[in-house]
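Enquirer: Sharing target.cif here; it has mmCIF, C-alpha atoms (C1' of nucleotides) and all ligand atoms.
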```cif
data_query
loop_
_atom_site.label_atom_id
_atom_site.label_comp_id
_atom_site.auth_asym_id
_atom_site.auth_seq_id
_atom_site.Cartn_x
_atom_site.Cartn_y
_atom_site.Cartn_z
CA MET A 17 304.85 264.02 114.09
CA LYS A 18 304.81 261.87 117.21
CA THR A 19 306.67 258.63 117.36
CA ILE A 20 304.64 255.56 118.19
CA GLU A 21 306.29 255.46 121.58
CA GLN A 22 305.16 258.98 122.30
CA LEU A 23 301.66 258.24 121.12
CA LEU A 24 301.34 255.23 123.40
CA GLU A 25 302.76 257.09 126.37
CA SER A 26 300.44 260.01 125.80
CA LYS A 27 297.58 257.58 126.23
CA GLN A 28 299.02 256.01 129.36
CA ILE A 29 299.93 252.78 127.64
CA ARG A 30 303.18 251.12 128.51
CA VAL A 31 305.47 250.68 125.58
CA THR A 32 306.32 247.07 124.93
CA ALA A 33 307.91 245.33 121.97
CA MET A 34 304.71 243.52 121.15
CA ARG A 35 302.60 246.67 121.23
CA LEU A 36 304.94 248.51 118.93
CA LEU A 37 304.88 245.65 116.46
CA ILE A 38 301.12 245.42 116.51
CA TYR A 39 300.73 249.14 116.10
CA LYS A 40 303.07 249.13 113.11
CA PHE A 41 301.21 246.23 111.60
CA LEU A 42 297.92 248.09 111.86
CA ALA A 43 299.48 251.27 110.48
CA GLU A 44 300.80 249.51 107.40
CA LYS A 45 297.50 247.88 106.64
CA LYS A 46 295.09 249.99 104.67
CA VAL A 47 292.17 247.79 105.64
CA ALA A 48 290.51 246.69 108.82
CA VAL A 49 291.98 243.49 110.25
CA THR A 50 290.68 240.60 112.27
CA LEU A 51 292.38 239.08 115.27
CA SER A 52 293.28 236.12 113.10
CA ASP A 53 295.00 238.43 110.64
CA ILE A 54 297.20 239.69 113.41
CA GLU A 55 297.70 236.17 114.67
CA ASN A 56 298.96 235.07 111.28
CA ALA A 57 301.32 238.00 111.09
CA PHE A 58 302.90 237.18 114.45
CA GLU A 59 303.02 233.44 114.71
CA LYS A 60 305.37 233.35 117.64
CA ALA A 61 303.12 235.55 119.78
CA ASP A 62 300.23 234.18 121.75
CA ARG A 63 296.72 234.85 120.66
CA THR A 64 295.76 236.12 124.09
CA THR A 65 298.42 238.79 124.04
CA LEU A 66 297.25 240.02 120.68
CA TYR A 67 293.68 239.95 121.88
CA ARG A 68 294.42 241.93 125.01
CA THR A 69 296.64 244.36 123.17
CA ILE A 70 293.82 245.17 120.79
CA LYS A 71 291.42 245.53 123.71
CA THR A 72 293.82 247.94 125.37
CA PHE A 73 294.17 249.91 122.16
CA GLU A 74 290.41 249.99 121.88
CA GLU A 75 289.89 251.28 125.42
CA LYS A 76 292.44 253.99 124.89
CA VAL A 77 290.90 254.91 121.53
CA ILE A 78 293.85 253.94 119.40
CA VAL A 79 291.83 251.50 117.36
CA HIS A 80 288.11 251.22 116.80
CA GLN A 81 286.11 248.10 116.34
CA ILE A 82 284.18 247.47 113.15
CA ASP A 83 281.23 245.19 112.77
CA ASP A 84 280.93 244.69 109.05
CA GLY A 85 278.34 241.94 109.22
CA THR A 86 280.72 239.08 108.48
CA GLY A 87 280.40 237.94 112.07
CA ILE A 88 284.06 238.53 112.77
CA THR A 89 284.98 241.77 114.44
CA LYS A 90 287.60 243.84 112.74
CA TYR A 91 289.80 246.64 113.93
CA ALA A 92 291.38 249.69 112.41
CA LEU A 93 293.53 252.52 113.68
CA CYS A 94 291.72 255.65 114.66
CA GLU A 95 292.52 258.89 112.94
CA GLN A 96 294.69 261.42 114.72
CA GLY A 97 292.60 263.04 117.39
CA CYS A 98 289.51 261.06 116.53
CA ASN A 99 286.59 260.99 118.90
CA CYS A 100 284.91 257.78 117.88
CA ASP A 101 284.17 257.07 121.51
CA ILE A 102 281.91 260.05 121.98
CA LYS A 103 279.76 259.75 118.89
CA THR A 104 281.13 262.64 116.92
CA ASP A 105 283.43 261.33 114.24
CA LEU A 106 281.20 258.59 112.97
CA HIS A 107 282.45 257.61 109.57
CA LEU A 108 281.06 254.82 107.47
CA HIS A 109 282.65 251.53 106.57
CA PHE A 110 282.69 249.72 103.29
CA HIS A 111 282.77 245.96 103.01
CA CYS A 112 283.68 244.41 99.67
CA ASN A 113 281.62 241.35 98.85
CA ASN A 114 284.31 240.22 96.46
CA CYS A 115 287.65 240.44 98.27
CA ASN A 116 286.02 240.43 101.70
CA GLU A 117 288.03 243.43 102.84
CA THR A 118 286.61 246.21 104.94
CA ILE A 119 287.90 249.76 104.93
CA CYS A 120 287.20 252.95 106.79
CA LEU A 121 285.81 255.76 104.71
CA THR A 122 286.97 258.29 107.23
CA ASP A 123 285.95 261.34 105.31
CA HIS A 124 282.45 260.03 104.68
CA LYS A 125 280.63 261.03 107.83
CA ILE A 126 277.35 259.40 108.66
CA PRO A 127 274.37 261.67 107.96
CA GLN A 128 272.01 262.64 110.73
CA ILE A 129 269.43 259.87 111.11
CA LYS A 130 265.94 260.68 112.30
CA VAL A 131 264.37 258.33 114.81
CA PRO A 132 260.75 258.27 116.03
CA ASP A 133 259.57 260.26 119.03
CA GLY A 134 260.64 258.75 122.32
CA PHE A 135 263.76 257.19 120.86
CA VAL A 136 267.16 258.63 121.71
CA SER A 137 270.00 258.08 119.28
CA GLU A 138 273.40 257.65 120.88
CA ASN A 139 275.38 255.94 118.20
CA VAL A 140 275.09 254.78 114.61
CA ASN A 141 276.67 251.90 112.75
CA LEU A 142 276.60 252.20 109.00
CA VAL A 143 278.14 249.60 106.72
CA VAL A 144 277.88 249.77 102.96
CA LYS A 145 278.44 246.50 101.16
CA GLY A 146 279.34 246.10 97.52
CA ILE A 147 282.41 246.05 95.32
CA CYS A 148 285.49 248.02 96.27
CA ASP A 149 287.58 250.15 93.94
CA LYS A 150 290.28 247.51 93.55
CA CYS A 151 287.76 244.81 92.64
CA SER A 152 285.55 246.89 90.34
CA SER A 153 288.31 248.00 87.98
CA MET B 17 243.92 238.81 104.92
CA LYS B 18 245.73 235.56 104.25
CA THR B 19 245.97 232.89 106.85
CA ILE B 20 249.46 231.81 107.85
CA GLU B 21 248.89 228.53 106.03
CA GLN B 22 248.09 230.37 102.85
CA LEU B 23 251.10 232.60 103.23
CA LEU B 24 253.46 229.66 103.65
CA GLU B 25 251.94 227.80 100.74
CA SER B 26 252.19 230.83 98.52
CA LYS B 27 255.93 230.77 99.13
CA GLN B 28 256.25 227.05 98.46
CA ILE B 29 256.84 226.19 102.09
CA ARG B 30 255.26 223.08 103.48
CA VAL B 31 252.94 223.75 106.36
CA THR B 32 254.02 221.95 109.51
CA ALA B 33 253.00 222.36 113.11
CA MET B 34 256.42 223.66 114.08
CA ARG B 35 256.49 226.24 111.33
CA LEU B 36 253.09 227.58 112.24
CA LEU B 37 254.13 227.91 115.86
CA ILE B 38 257.34 229.67 115.01
CA TYR B 39 255.59 232.03 112.64
CA LYS B 40 253.01 232.90 115.29
CA PHE B 41 255.75 233.46 117.83
CA LEU B 42 257.50 235.89 115.52
CA ALA B 43 254.25 237.65 114.71
CA GLU B 44 253.41 238.23 118.34
CA LYS B 45 256.82 239.64 119.12
CA LYS B 46 257.22 243.29 118.35
CA VAL B 47 261.00 243.00 118.47
CA ALA B 48 263.65 241.07 116.61
CA VAL B 49 264.47 237.74 118.20
CA THR B 50 267.51 235.55 118.48
CA LEU B 51 267.61 231.82 117.91
CA SER B 52 267.94 231.43 121.67
CA ASP B 53 264.75 233.40 122.19
CA ILE B 54 262.92 230.94 119.99
CA GLU B 55 264.67 228.05 121.69
CA ASN B 56 263.46 229.22 125.08
CA ALA B 57 259.93 229.61 123.82
CA PHE B 58 259.82 226.04 122.49
CA GLU B 59 261.75 223.92 124.89
CA LYS B 60 260.50 220.65 123.57
CA ALA B 61 261.62 221.37 120.03
CA ASP B 62 265.14 220.75 118.86
CA ARG B 63 267.48 223.64 118.23
CA THR B 64 268.30 222.38 114.77
CA THR B 65 264.70 222.41 113.68
CA LEU B 66 264.29 225.98 114.85
CA TYR B 67 267.53 226.92 113.17
CA ARG B 68 266.56 225.37 109.87
CA THR B 69 263.05 226.75 110.04
CA ILE B 70 264.42 230.27 110.37
CA LYS B 71 266.82 229.63 107.51
CA THR B 72 263.94 228.46 105.36
CA PHE B 73 261.91 231.51 106.29
CA GLU B 74 264.87 233.67 105.44
CA GLU B 75 265.39 232.11 102.02
CA LYS B 76 261.76 232.54 101.18
CA VAL B 77 261.78 236.14 102.43
CA ILE B 78 259.42 235.62 105.31
CA VAL B 79 261.91 236.88 107.85
CA HIS B 80 264.98 239.02 107.47
CA GLN B 81 268.18 238.81 109.40
CA ILE B 82 269.39 241.72 111.50
CA ASP B 83 272.93 242.36 112.57
CA ASP B 84 272.60 244.87 115.37
CA GLY B 85 276.21 244.71 116.48
CA THR B 86 275.60 242.57 119.54
CA GLY B 87 277.27 239.67 117.80
CA ILE B 88 274.13 237.58 117.86
CA THR B 89 272.03 237.55 114.74
CA LYS B 90 268.41 238.43 115.16
CA TYR B 91 265.39 237.86 113.00
CA ALA B 92 262.15 239.66 112.36
CA LEU B 93 259.17 239.08 110.10
CA CYS B 94 259.21 240.89 106.81
CA GLU B 95 256.48 243.31 105.95
CA GLN B 96 253.74 242.24 103.57
CA GLY B 97 255.24 242.28 100.10
CA CYS B 98 258.62 243.47 101.26
CA ASN B 99 261.58 243.26 98.96
CA CYS B 100 264.41 243.18 101.44
CA ASP B 101 266.16 240.66 99.25
CA ILE B 102 266.61 243.01 96.33
CA LYS B 103 267.91 246.05 98.14
CA THR B 104 264.90 248.27 97.76
CA ASP B 105 263.05 248.30 101.04
CA LEU B 106 266.01 248.89 103.27
CA HIS B 107 264.72 250.16 106.55
CA LEU B 108 266.81 250.97 109.56
CA HIS B 109 267.00 249.12 112.85
CA PHE B 110 267.15 250.48 116.33
CA HIS B 111 269.01 248.76 119.13
CA CYS B 112 268.31 249.82 122.70
CA ASN B 113 271.43 249.94 124.85
CA ASN B 114 269.25 249.65 127.93
CA CYS B 115 266.82 246.79 127.38
CA ASN B 116 268.97 245.24 124.65
CA GLU B 117 266.00 244.91 122.30
CA THR B 118 266.19 245.56 118.61
CA ILE B 119 263.27 246.69 116.50
CA CYS B 120 262.57 247.34 112.86
CA LEU B 121 261.78 250.93 111.98
CA THR B 122 260.09 249.83 108.81
CA ASP B 123 258.93 253.23 107.72
CA HIS B 124 262.36 254.77 108.19
CA LYS B 125 264.06 253.99 104.94
CA ILE B 126 267.81 254.23 104.66
CA PRO B 127 268.91 257.36 102.83
CA GLN B 128 271.05 257.15 99.73
CA ILE B 129 274.68 256.83 100.84
CA LYS B 130 277.44 258.25 98.68
CA VAL B 131 280.56 256.18 98.25
CA PRO B 132 283.86 257.18 96.61
CA ASP B 133 284.51 256.73 92.90
CA GLY B 134 285.22 253.15 91.97
CA PHE B 135 283.13 251.74 94.78
CA VAL B 136 279.81 250.11 93.99
CA SER B 137 277.16 250.01 96.68
CA GLU B 138 275.00 246.92 96.69
CA ASN B 139 273.59 246.88 100.16
CA VAL B 140 273.52 248.95 103.32
CA ASN B 141 273.24 248.03 106.97
CA LEU B 142 272.23 250.87 109.24
CA VAL B 143 271.75 250.39 112.97
CA VAL B 144 271.00 253.22 115.33
CA LYS B 145 271.84 252.56 118.95
CA GLY B 146 270.47 254.42 121.92
CA ILE B 147 267.46 254.34 124.21
CA CYS B 148 264.14 253.07 122.98
CA ASP B 149 260.77 254.67 123.63
CA LYS B 150 259.87 252.24 126.38
CA CYS B 151 263.12 252.80 128.23
CA SER B 152 263.30 256.58 127.82
CA SER B 153 259.91 257.39 129.32
"C1'" DT C 22 244.64 202.83 99.77
"C1'" DT C 23 249.12 202.15 99.77
"C1'" DA C 24 253.88 202.15 98.16
"C1'" DA C 25 257.56 205.19 97.07
"C1'" DC C 26 259.77 209.24 97.47
"C1'" DA C 27 260.99 213.77 99.27
"C1'" DA C 28 261.11 216.85 102.85
"C1'" DA C 29 261.23 217.80 107.88
"C1'" DT C 30 262.86 216.70 112.34
"C1'" DG C 31 265.99 215.14 116.14
"C1'" DC C 32 270.44 213.86 117.91
"C1'" DA C 33 275.25 214.11 118.11
"C1'" DC C 34 279.08 216.27 116.84
"C1'" DT C 35 282.14 219.90 115.03
"C1'" DT C 36 284.13 224.39 114.19
"C1'" DC C 37 285.18 229.01 115.04
"C1'" DC C 38 285.63 233.12 117.56
"C1'" DA C 39 285.66 235.38 121.94
"C1'" DT C 40 286.92 235.41 126.63
"C1'" DT C 41 288.94 234.15 131.24
"C1'" DG C 42 291.91 232.15 135.24
"C1'" DC C 43 296.21 231.46 136.66
"C1'" DA C 44 301.13 231.11 136.60
"C1'" DC C 45 305.17 233.32 135.03
"C1'" DT C 46 307.91 237.13 133.20
"C1'" DT C 47 308.99 241.80 132.31
"C1'" DA C 48 309.06 246.66 133.27
"C1'" DC C 49 308.57 250.68 136.24
"C1'" DT C 50 309.37 252.96 140.90
"C1'" DA C 51 310.81 253.93 145.37
"C1'" DT D 15 318.10 246.67 143.84
"C1'" DA D 16 313.91 244.92 145.91
"C1'" DG D 17 309.07 245.22 145.54
"C1'" DT D 18 305.06 245.81 142.95
"C1'" DA D 19 302.15 246.40 139.07
"C1'" DA D 20 301.40 245.32 134.49
"C1'" DG D 21 302.17 242.29 130.46
"C1'" DT D 22 302.49 237.75 128.50
"C1'" DG D 23 301.72 232.67 127.63
"C1'" DC D 24 299.21 228.46 128.28
"C1'" DA D 25 295.15 226.02 128.99
"C1'" DA D 26 290.55 225.84 129.26
"C1'" DT D 27 285.73 227.47 128.73
"C1'" DG D 28 281.47 229.13 126.57
"C1'" DG D 29 278.37 230.46 123.03
"C1'" DA D 30 276.68 230.66 118.57
"C1'" DA D 31 276.59 228.63 114.08
"C1'" DG D 32 276.63 224.89 111.15
"C1'" DT D 33 276.62 219.75 109.38
"C1'" DG D 34 276.01 214.44 108.75
"C1'" DC D 35 273.06 210.98 109.34
"C1'" DA D 36 269.21 208.26 110.97
"C1'" DT D 37 264.31 208.60 111.73
"C1'" DT D 38 259.80 210.42 111.12
"C1'" DT D 39 256.35 212.82 108.65
"C1'" DG D 40 253.99 214.46 104.61
"C1'" DT D 41 252.95 214.30 99.49
"C1'" DT D 42 252.04 212.07 95.36
"C1'" DA D 43 251.10 208.86 92.02
"C1'" DA D 44 250.28 204.02 90.98
MN MN E 1 286.70 253.03 110.70
MN MN E 2 263.86 244.92 110.00
ZN ZN E 3 287.27 244.19 96.97
ZN ZN E 4 264.88 249.76 125.63
#
```
Can you present the structure in this file as structure tokens?
Expert:
Amino acid sequence: MKTIEQLLESKQIRVTAMRLLIYKFLAEKKVAVTLSDIENAFEKADRTTLYRTIKTFEEKVIVHQIDDGTGITKYALCEQGCNCDIKTDLHLHFHCNNCNETICLTDHKIPQIKVPDGFVSENVNLVVKGICDKCSS
Amino acid sequence: MKTIEQLLESKQIRVTAMRLLIYKFLAEKKVAVTLSDIENAFEKADRTTLYRTIKTFEEKVIVHQIDDGTGITKYALCEQGCNCDIKTDLHLHFHCNNCNETICLTDHKIPQIKVPDGFVSENVNLVVKGICDKCSS
DNA sequence: TTAACAAATGCACTTCCATTGCACTTACTA
DNA sequence: TAGTAAGTGCAATGGAAGTGCATTTGTTAA
């Protein structure tokens, strides 16, 4: 079990106080978060720092971006050793129309999708919308 | 074969010059369009009118909205007698990473997606990204 | 045919999220 | 410990989406 420090260093990311805090925040959350969510959690920090931290995490494949159709991009931690950058490891996302939360269904891989002749598939985004387990019970 | 006027009237939409023009514009396009695309095509018309026309078309299920992950919502005409409002008739969309165009693959229906126990699926958005037929040849 | 009403259009303005330039501070490295 | 590269904060910008209100256009019924 790596520490967060070790994880960041292994990805050539400098360890800073802010980055550790943001990482921990993401790790505690079970759901995908928006930039505003992070902003609200760290009111003393500047929005730009949070923004660029997330962008750094994204580049280094520590978080992945989720477009759940709400118009606001969300982010969630990648799994250990995930390869979401190179198209393997495409799991689906679920967006709850009731509580508005979006979660990764990491063990629900996206099925192979057939496209017409001449088309080349490089990536797939699959979002299921409905009612989540917490809201349906 | 209905005229456009008849189609609009059958959906309780008043026929206006602007609406006819916008409908024709959408019909000629083979790809999904953004509001800006429409705006550029009709420079004398006001953005708001175009915006509200599209919204009206959407409500009356003449066009459907497409979220292709670019962050800009696109629109495309519905098929004759489509039921994209009531979840049957969910086709997939293809977004070309090269020419940035998005098209409806209307005869590629979205497969049944399994979700975990407790989750209820109401709707699915499936976007395949890659290289389109025009760009790959 | 026209008066009255409802819907459509145009203009101005607002909000929200994403993104950037630049100055300043902090952290690594020689 | 000085020098340099990266991180952070502040201010500003841009784009897309959405709204309030006045004006124009279209429909309907007297
Ligand atoms: Mn995910
Ligand atoms: Mn479509
Ligand atoms: Zn929920
Ligand atoms: Zn293309």
Enquirer: What is the atom CA of B:Cys148-atom CA of B:Lys125 distance in Å, reported with one decimal?
Expert: 18.1 Å
Enquirer: What residues have any atom no more than 12 Å from ligand ZN 3 (chain E) when counting all atoms listed in the file, and can you list them as a ChimeraX atom specification?
Expert: /A:47,110-119,145-153 /B:134-137
Enquirer: For a quick test of understanding: name the residues of chain C lying within 10 Å of chain A when counting all atoms listed in the file, and present them as a PDB file with C-alpha atoms (C1' of nucleotides), keeping the file's coordinate frame.
Expert:
```pdb
ATOM      1  C1'  DC C  37     285.180 229.010 115.040  1.00  0.00           C
ATOM      2  C1'  DC C  38     285.630 233.120 117.560  1.00  0.00           C
ATOM      3  C1'  DA C  39     285.660 235.380 121.940  1.00  0.00           C
ATOM      4  C1'  DT C  40     286.920 235.410 126.630  1.00  0.00           C
ATOM      5  C1'  DT C  47     308.990 241.800 132.310  1.00  0.00           C
ATOM      6  C1'  DA C  48     309.060 246.660 133.270  1.00  0.00           C
ATOM      7  C1'  DC C  49     308.570 250.680 136.240  1.00  0.00           C
TER       8       DC C  49
END
```
Enquirer: Using all atoms listed in the file, I'd like every residue of chain D that has an atom within 10 Å of chain B; please write them out as a PyMOL selection string.
Expert: chain D and resi 29-32+39-41
Enquirer: Show me which residues line ligand MN 2 (chain E), defined as having an atom within 8 Å of a ligand atom where all atoms listed in the file count, and present them as a list in words.
Expert: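 Sorted by chain and then by number, the residues are Ala48, His80, Gln81, Ile82, Tyr91, Ala92, Leu93, Cys94, His107, Leu108, His109, Ile119, Cys120, Leu121 and Thr122 of chain B.
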Enquirer: Work out how far atom CA of A:Lys27 is from atom CA of A:Glu75, in Å to one decimal.
Expert: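 Separation between atom CA of A:Glu75 and atom CA of A:Lys27: 10.0 Å.
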Enquirer: Given the choices B:Cys98, B:Ile78, B:Asn56, B:Asp84, which gets closest to chain A if the distance is worked out from only C-alpha atoms?
Expert: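 Nearest to chain A: B:Asp84.
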Enquirer: Determine the nearest neighbour of chain B from the options A:Asp62, A:Leu106, A:Gly85, A:Asn99, counting all atoms listed in the file.
Expert: A:Gly85
Enquirer: May I have the centre and edge lengths, in Å to one decimal, of an axis-aligned box around the listed atoms of stretch 103-119 of chain A with 8 Å added to every side, as AutoDock Vina command-line options?
Expert:
```
--center_x 283.9 --center_y 251.4 --center_z 107.7 --size_x 24.3 --size_y 38.4 --size_z 38.4
```
Enquirer: Residues at most 10 Å from B:Ile29, counting only C-alpha atoms (C1' of nucleotides), excluding those fewer than 5 positions away in the same chain, as a list of chain:residue names?
Expert: B:Glu21, B:Gln22, B:Leu23, B:Leu24, B:Arg35, B:Thr72, B:Phe73, B:Lys76
Enquirer: Tell me, as a PyMOL selection string, which residues lie within 10 Å of C:DC34, counting only C-alpha atoms (C1' of nucleotides); anything in the same chain fewer than 2 positions away does not count.
Expert: (chain C and resi 32+36) or (chain D and resi 33-34)
Enquirer: Please, what distance in Å, to one decimal, runs between atom C1' of C:DG42 and atom C1' of D:DG23?
Expert: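 Those two atoms sit 12.4 Å apart.
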Enquirer: From the options B:Glu74, B:Glu95, B:Glu55, B:Asp123, which residue's atoms come nearest to chain A, counting all atoms listed in the file?
Expert: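 Checking each of B:Glu74, B:Glu95, B:Glu55, B:Asp123 against chain A, counting all atoms listed in the file, the winner is B:Asp123.
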Enquirer: For each of A:Thr86, A:Gln96, A:Thr65, A:Ser26, take the minimum atom-to-atom distance to chain B, counting only C-alpha atoms, then give the residue where this is smallest.
Expert: A:Thr86
